Amino acid sequence: MPETNNSLPMHIAVIMDGNGRWAAARSLPRSAGHREGAKAVRRTLEAARDMGIKYLTLYAFSTENWTRPQEEIHTLMQLLERTLDEYQKSAQKEDYRILISGERSRLPAGTLAKMDALVRSTAQNKGLTVNLALNYGARQEITRAVNQILKEGLAEVTPQDIARRLYQPEIPDPELIIRTSGEERLSNFLLWQAAYSEFYFTPVLWPDFNKEELQKAVDAYRARKRRFGGI
């Protein structure tokens, strides 16, 4: 029988899209859109926590984002470090557990140090787990897992072997993936984990995303029947 969605999704993943378009619509620099996007992140964390969501994965910076103008990348890294500093102060109070998924290569040393300190300091927290996808690409994640298997010399590979070698194997697959700004694609995000995820696409630009928009996405998810290949 199809599984009805009587309960909240345990894990929600979000492709946060539209900062640049939000800024352009207001004749502002793209950096202004990214700053407003950071505020939307804080609102979403609070909303997810208040709703009882257990895991929230946020696509913060992709491996493809390095092709953007150097000035914008520099601005994004500065904003990321400030955000990590803010989380260092607030995560304990809010009981957030912070995880980071992605390749460490190319990230500035200062950013890596702040990331590691934040992960260590929140490791024992029991509230909402926030998984930040930084310098993340799903194809790279799967390739990394396969290379680990090759190094270990396994003669035969199961799906479980790959899943155990992904960035965060202890996190359940997302039941719901949200993408803002009207785009309807995954953009190299959680390709393995999204095998049976429900998708929710909204025209709302990420800086305008709030508790009400998150509730709409969850309501849409709960209205669906999940068959997992059955009837």
# chains A, B, ... in the order shown; residues from 1 in each chain; ligands from 1
$ residues_around --residues "Arg164 in chain A" --least-positions-apart "5" --cutoff "12 Å" --atoms "only C-alpha atoms" --output "number ranges by chain"
A: 141-142, 144-146, 148-149, 157-159, 169-172, 192-193
$ write_last_selection --atoms "N, CA and C atoms" --output "PDB file, in the first residue's frame"
ATOM      1  N   GLU A 141      30.895  13.385  -5.177  1.00  0.00           N
ATOM      2  CA  GLU A 141      30.668  12.596  -3.963  1.00  0.00           C
ATOM      3  C   GLU A 141      30.635  11.100  -4.289  1.00  0.00           C
ATOM      4  N   ILE A 142      29.928  10.738  -5.339  1.00  0.00           N
ATOM      5  CA  ILE A 142      29.823   9.331  -5.721  1.00  0.00           C
ATOM      6  C   ILE A 142      31.173   8.814  -6.221  1.00  0.00           C
ATOM      7  N   ARG A 144      34.091   9.875  -5.337  1.00  0.00           N
ATOM      8  CA  ARG A 144      34.931   9.727  -4.138  1.00  0.00           C
ATOM      9  C   ARG A 144      34.622   8.411  -3.430  1.00  0.00           C
ATOM     10  N   ALA A 145      33.347   8.076  -3.309  1.00  0.00           N
ATOM     11  CA  ALA A 145      32.970   6.822  -2.648  1.00  0.00           C
ATOM     12  C   ALA A 145      33.497   5.617  -3.421  1.00  0.00           C
ATOM     13  N   VAL A 146      33.376   5.643  -4.749  1.00  0.00           N
ATOM     14  CA  VAL A 146      33.850   4.525  -5.571  1.00  0.00           C
ATOM     15  C   VAL A 146      35.364   4.386  -5.462  1.00  0.00           C
ATOM     16  N   GLN A 148      37.204   5.164  -2.939  1.00  0.00           N
ATOM     17  CA  GLN A 148      37.492   4.561  -1.646  1.00  0.00           C
ATOM     18  C   GLN A 148      37.313   3.048  -1.702  1.00  0.00           C
ATOM     19  N   ILE A 149      36.259   2.602  -2.373  1.00  0.00           N
ATOM     20  CA  ILE A 149      36.003   1.176  -2.512  1.00  0.00           C
ATOM     21  C   ILE A 149      37.136   0.502  -3.287  1.00  0.00           C
ATOM     22  N   VAL A 157      30.576  -4.811  -5.402  1.00  0.00           N
ATOM     23  CA  VAL A 157      30.072  -3.600  -4.751  1.00  0.00           C
ATOM     24  C   VAL A 157      28.557  -3.637  -4.682  1.00  0.00           C
ATOM     25  N   THR A 158      28.004  -3.304  -3.518  1.00  0.00           N
ATOM     26  CA  THR A 158      26.559  -3.195  -3.342  1.00  0.00           C
ATOM     27  C   THR A 158      26.183  -1.720  -3.193  1.00  0.00           C
ATOM     28  N   PRO A 159      24.910  -1.388  -3.361  1.00  0.00           N
ATOM     29  CA  PRO A 159      24.489  -0.001  -3.098  1.00  0.00           C
ATOM     30  C   PRO A 159      24.832   0.440  -1.677  1.00  0.00           C
ATOM     31  N   PRO A 169      26.947   9.478   5.825  1.00  0.00           N
ATOM     32  CA  PRO A 169      26.172   8.229   5.721  1.00  0.00           C
ATOM     33  C   PRO A 169      25.167   8.033   6.845  1.00  0.00           C
ATOM     34  N   GLU A 170      25.354   8.755   7.953  1.00  0.00           N
ATOM     35  CA  GLU A 170      24.433   8.579   9.073  1.00  0.00           C
ATOM     36  C   GLU A 170      23.137   9.356   8.896  1.00  0.00           C
ATOM     37  N   ILE A 171      23.091  10.275   7.934  1.00  0.00           N
ATOM     38  CA  ILE A 171      21.885  11.068   7.706  1.00  0.00           C
ATOM     39  C   ILE A 171      20.951  10.309   6.766  1.00  0.00           C
ATOM     40  N   PRO A 172      19.678  10.182   7.109  1.00  0.00           N
ATOM     41  CA  PRO A 172      18.740   9.509   6.193  1.00  0.00           C
ATOM     42  C   PRO A 172      18.572  10.297   4.908  1.00  0.00           C
ATOM     43  N   TRP A 192      22.523  10.624  -5.543  1.00  0.00           N
ATOM     44  CA  TRP A 192      22.332   9.286  -4.972  1.00  0.00           C
ATOM     45  C   TRP A 192      21.187   9.290  -3.972  1.00  0.00           C
ATOM     46  N   GLN A 193      21.201  10.256  -3.074  1.00  0.00           N
ATOM     47  CA  GLN A 193      20.241  10.287  -1.969  1.00  0.00           C
ATOM     48  C   GLN A 193      18.829  10.632  -2.424  1.00  0.00           C
TER      49      GLN A 193
END
$ select_by_dssp --residues "range 28-224 of chain A" --states "strand (DSSP E or B)" --output "JSON, numbers by chain"
{"A": [55, 56, 57, 58, 59, 60, 61, 62, 97, 98, 99, 100, 101, 129, 130, 131, 132, 133, 134, 135, 136, 176, 177, 178, 179, 198, 199, 200, 201]}
$ residues_around --residues "Pro9 in chain A" --least-positions-apart "6" --cutoff "10 Å" --atoms "only C-alpha atoms" --output "number ranges by chain"
A: 52-55, 174-176, 198, 218, 221-222
$ closest_residue --among "A:Ile15, A:Ala133, A:Ala32, A:Leu205" --to "Glu72 in chain A" --atoms "only C-alpha atoms"
A:Ala32
$ atom_distance --atom1 "CA of Arg82 in chain A" --atom2 "CA of Ile100 in chain A"
15.8 Å
$ closest_residue --among "A:Ser27, A:Ser62, A:Ile162, A:Gly137" --to "Leu150 in chain A" --atoms "only C-alpha atoms"
A:Ile162
$ residues_around --residues "Thr75 in chain A" --least-positions-apart "5" --cutoff "12 Å" --atoms "only C-alpha atoms" --output "ChimeraX atom specification"
/A:29-35,68-70,80-82
$ closest_residue --among "A:Ala223, A:Ala38, A:Leu112, A:Leu134" --to "Leu79 in chain A" --atoms "only C-alpha atoms"
A:Ala38
$ closest_residue --among "A:Met115, A:Ala220, A:Ala155, A:Ala47" --to "Leu84 in chain A" --atoms "only C-alpha atoms"
A:Met115
$ closest_atom_pairs --of "range 143-217 of chain A" --to "range 17-24 of chain A" --cutoff "10 Å" --atoms "only C-alpha atoms" --output "CSV"
residue,atom,partner,partner_atom,distance
A:Ile178,CA,A:Asp17,CA,10.0
A:Arg179,CA,A:Asp17,CA,6.8
A:Thr180,CA,A:Asp17,CA,5.3
A:Ser181,CA,A:Gly18,CA,5.1
A:Gly182,CA,A:Asp17,CA,8.6
A:Glu183,CA,A:Asp17,CA,8.0
A:Pro203,CA,A:Gly18,CA,9.2
A:Val204,CA,A:Gly18,CA,8.1
A:Leu205,CA,A:Gly18,CA,4.7
A:Trp206,CA,A:Gly18,CA,5.3
A:Pro207,CA,A:Asn19,CA,6.2
A:Asp208,CA,A:Trp22,CA,8.4
$ atom_distance --atom1 "CA of Ala194 in chain A" --atom2 "CA of Gln124 in chain A"
27.2 Å
$ closest_residue --among "A:Trp66, A:Tyr87, A:Tyr59, A:Phe209" --to "Leu190 in chain A" --atoms "only C-alpha atoms"
A:Tyr59
$ select_by_dssp --residues "range 42-119 of chain A" --states "helix (DSSP H, G or I)" --output "JSON, numbers by chain"
{"A": [42, 43, 44, 45, 46, 47, 48, 49, 50, 51, 63, 64, 65, 66, 67, 70, 71, 72, 73, 74, 75, 76, 77, 78, 79, 80, 81, 82, 83, 84, 85, 86, 87, 88, 89, 90, 91, 92, 93, 94, 109, 110, 111, 112, 113, 114, 115, 116, 117, 118, 119]}
$ closest_residue --among "A:Lys114, A:Arg185, A:Arg49, A:His74" --to "Arg97 in chain A" --atoms "only C-alpha atoms"
A:Arg49
$ atom_distance --atom1 "CA of Arg139 in chain A" --atom2 "CA of Ala48 in chain A"
27.6 Å
